[in-house]
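What follows is a single structure, written as C-alpha cells, with notes after it.
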Amino acid sequence: MGGFCAARFHDAIENWHLSPAELRPSEHPSQKGFSFVVDHSDLTLTAGTLHLELSPSIGGSIRNFTQVVGGRRTPLLRESHSDKRTVLEHACFPLVPYVNRIRGGEFEFRGETIRLAPNMAGDPSPLHGQGWLGEWSVESAGAADAELFFRHEAGEWPWAYEALQTFALDPQGLSVRLQCRNRSHRPMPCGLGLHPYFPCDGGTRLDTVVKTVWEIDENVLPTREVPAEGRYDLRDRAVCGQGLDHGFGGWGGEARMWEEGGERRLIMSSPDAHFFQLYSPPTGGIYVAEPVTHANAALNAPEERWPELGMRVLGPGEDVTLRMRIEVAHG
C-alpha cells in the first residue's frame, strides 16, 4: 500500500504527543480509490477514566468523548444521542484540505479557476473540504489508539490527496494528529482544522488569547480584520449563547474551558494552528472552538497573501500536519 502506511510513518508520529448552526450536508460525494476495506462499525478507545468513540465511516468523526468516574458519565465534548448517521450529530470531525468557506465556491490558482458546488443546504459557499463528508478506513486500532485513512481522487477539487488521522488516548487526555499529503503531480493549496463541539450553559467559561478578528457578513464570510476587543475579546469570558461565528488571527495556541462550580475543565492546545474559529449560537447549549491553520475564505485572497493567512501550497508528495491536544485538567 502506498501513502500513509503505518510502518512508513512510525518514526514520524511516535514522538508527537503534546502536554458550526446545525445544517445537514446536501450530499455525500463518493470517494474512490480506497486501498482498504471500509469498516462501518464504530471504534471505542479507553484509557483510565476516559472513553473515546470513533465513527470512521461518518466523516472520520469522533462520536463521543467522555469521562466515567464512579459510574458517573461526564461528556467532555458534545454528546451524540442521535441514531442518525450524520457527521453533524457527532462531537468532532476533520477539516481537509481547507477550512471554513470558499466564497461563492470559486477561487483562482495559478491561472486556473476552481469551481466547487455548495456542500451544505442553505449555504452558497462550500465548507471544510471533502474529508468530513467521506468515509475513512481503519488503518490500525488498539485499546487506546487508532489510525483512520482517507483518500480523495481528483475531481471537482482537481487534486488527488490522502489524509491520516491518528488518535492517542491516555489517562490525562486525547491527542489527535491530522495529516494531508498531495498525491497530484502539481502544487495543491492545503489547510487543516478540527471541529470539536463542546457542551455549555450559562456557567461555561473560555480563556484564550487572540489578536485580531474578522467581522462577517450575512453569509458568514469575512468583511474586514479588526483588533479582537470588546465582544471579540476571548480572555476569561462567558462562551455559551454569545451569537459569535467568527474567525480569529494571532491565536496563542491554547484555550482553557471550564464550568463554574462544575467538573469539566479542559485545556485544548495546538502548536500548528495560529488561527481560531469560534461558533457560539445565540440559542446556547453548544459551542465550537476550532484550531485551524488558515483564515476563513483565505483561498479567495491573492496567493501572495496566503502565507500571512495561513494557506499552504504543497508540492507533489509534500504533506502538512495539524496536532491538537485536549487535556482533562483536575482541580
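Going by the C-alpha cells order, chains are called A, B, ..., each with residues numbered from 1, while ligands are numbered from 1 in the order shown.
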Exercise: A:Arg183 partners within 10 Å, only C-alpha atoms, chain neighbours under 4 positions left out, as a PyMOL selection string: chain A and resi 3+151-154+159-162+187-188+314-319
Based on the backbone DSSP call, show me all residues of stretch 92-133 of chain A assigned helix (DSSP H, G or I), as a ChimeraX atom specification. /A:103-105,131-133
What lies within 6 Å of stretch 203-217 of chain A using only C-alpha atoms, ignoring chain neighbours under 3 positions off, as a list of chain:residue names? A:Cys200, A:Val220, A:Leu221, A:Pro222, A:Thr223, A:Arg224, A:Glu225, A:Val226, A:Pro227, A:Ala228, A:Leu234, A:Arg235, A:Asp236, A:Arg237, A:Ala238, A:Val239, A:Gly247, A:Phe248, A:Gly249, A:Gly250, A:Trp251, A:Gly252, A:Ala255, A:Arg256, A:Met257, A:Trp258, A:Glu259, A:Glu260
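One finds atom CA of A:Asp170 at 24.7 Å from atom CA of A:Val87.
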Quick one: of A:Trp157, A:Tyr232, A:Trp136, A:Phe275, who's nearest to A:Phe93, counting only C-alpha atoms?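 Selected residue with least distance to A:Phe93: A:Trp136.
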Could you please determine the separation between atom CA of A:Thr49 and atom CA of A:Ser280 in Å, to one decimal place?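 We find that atom CA of A:Thr49 and atom CA of A:Ser280 lie 28.5 Å from each other.
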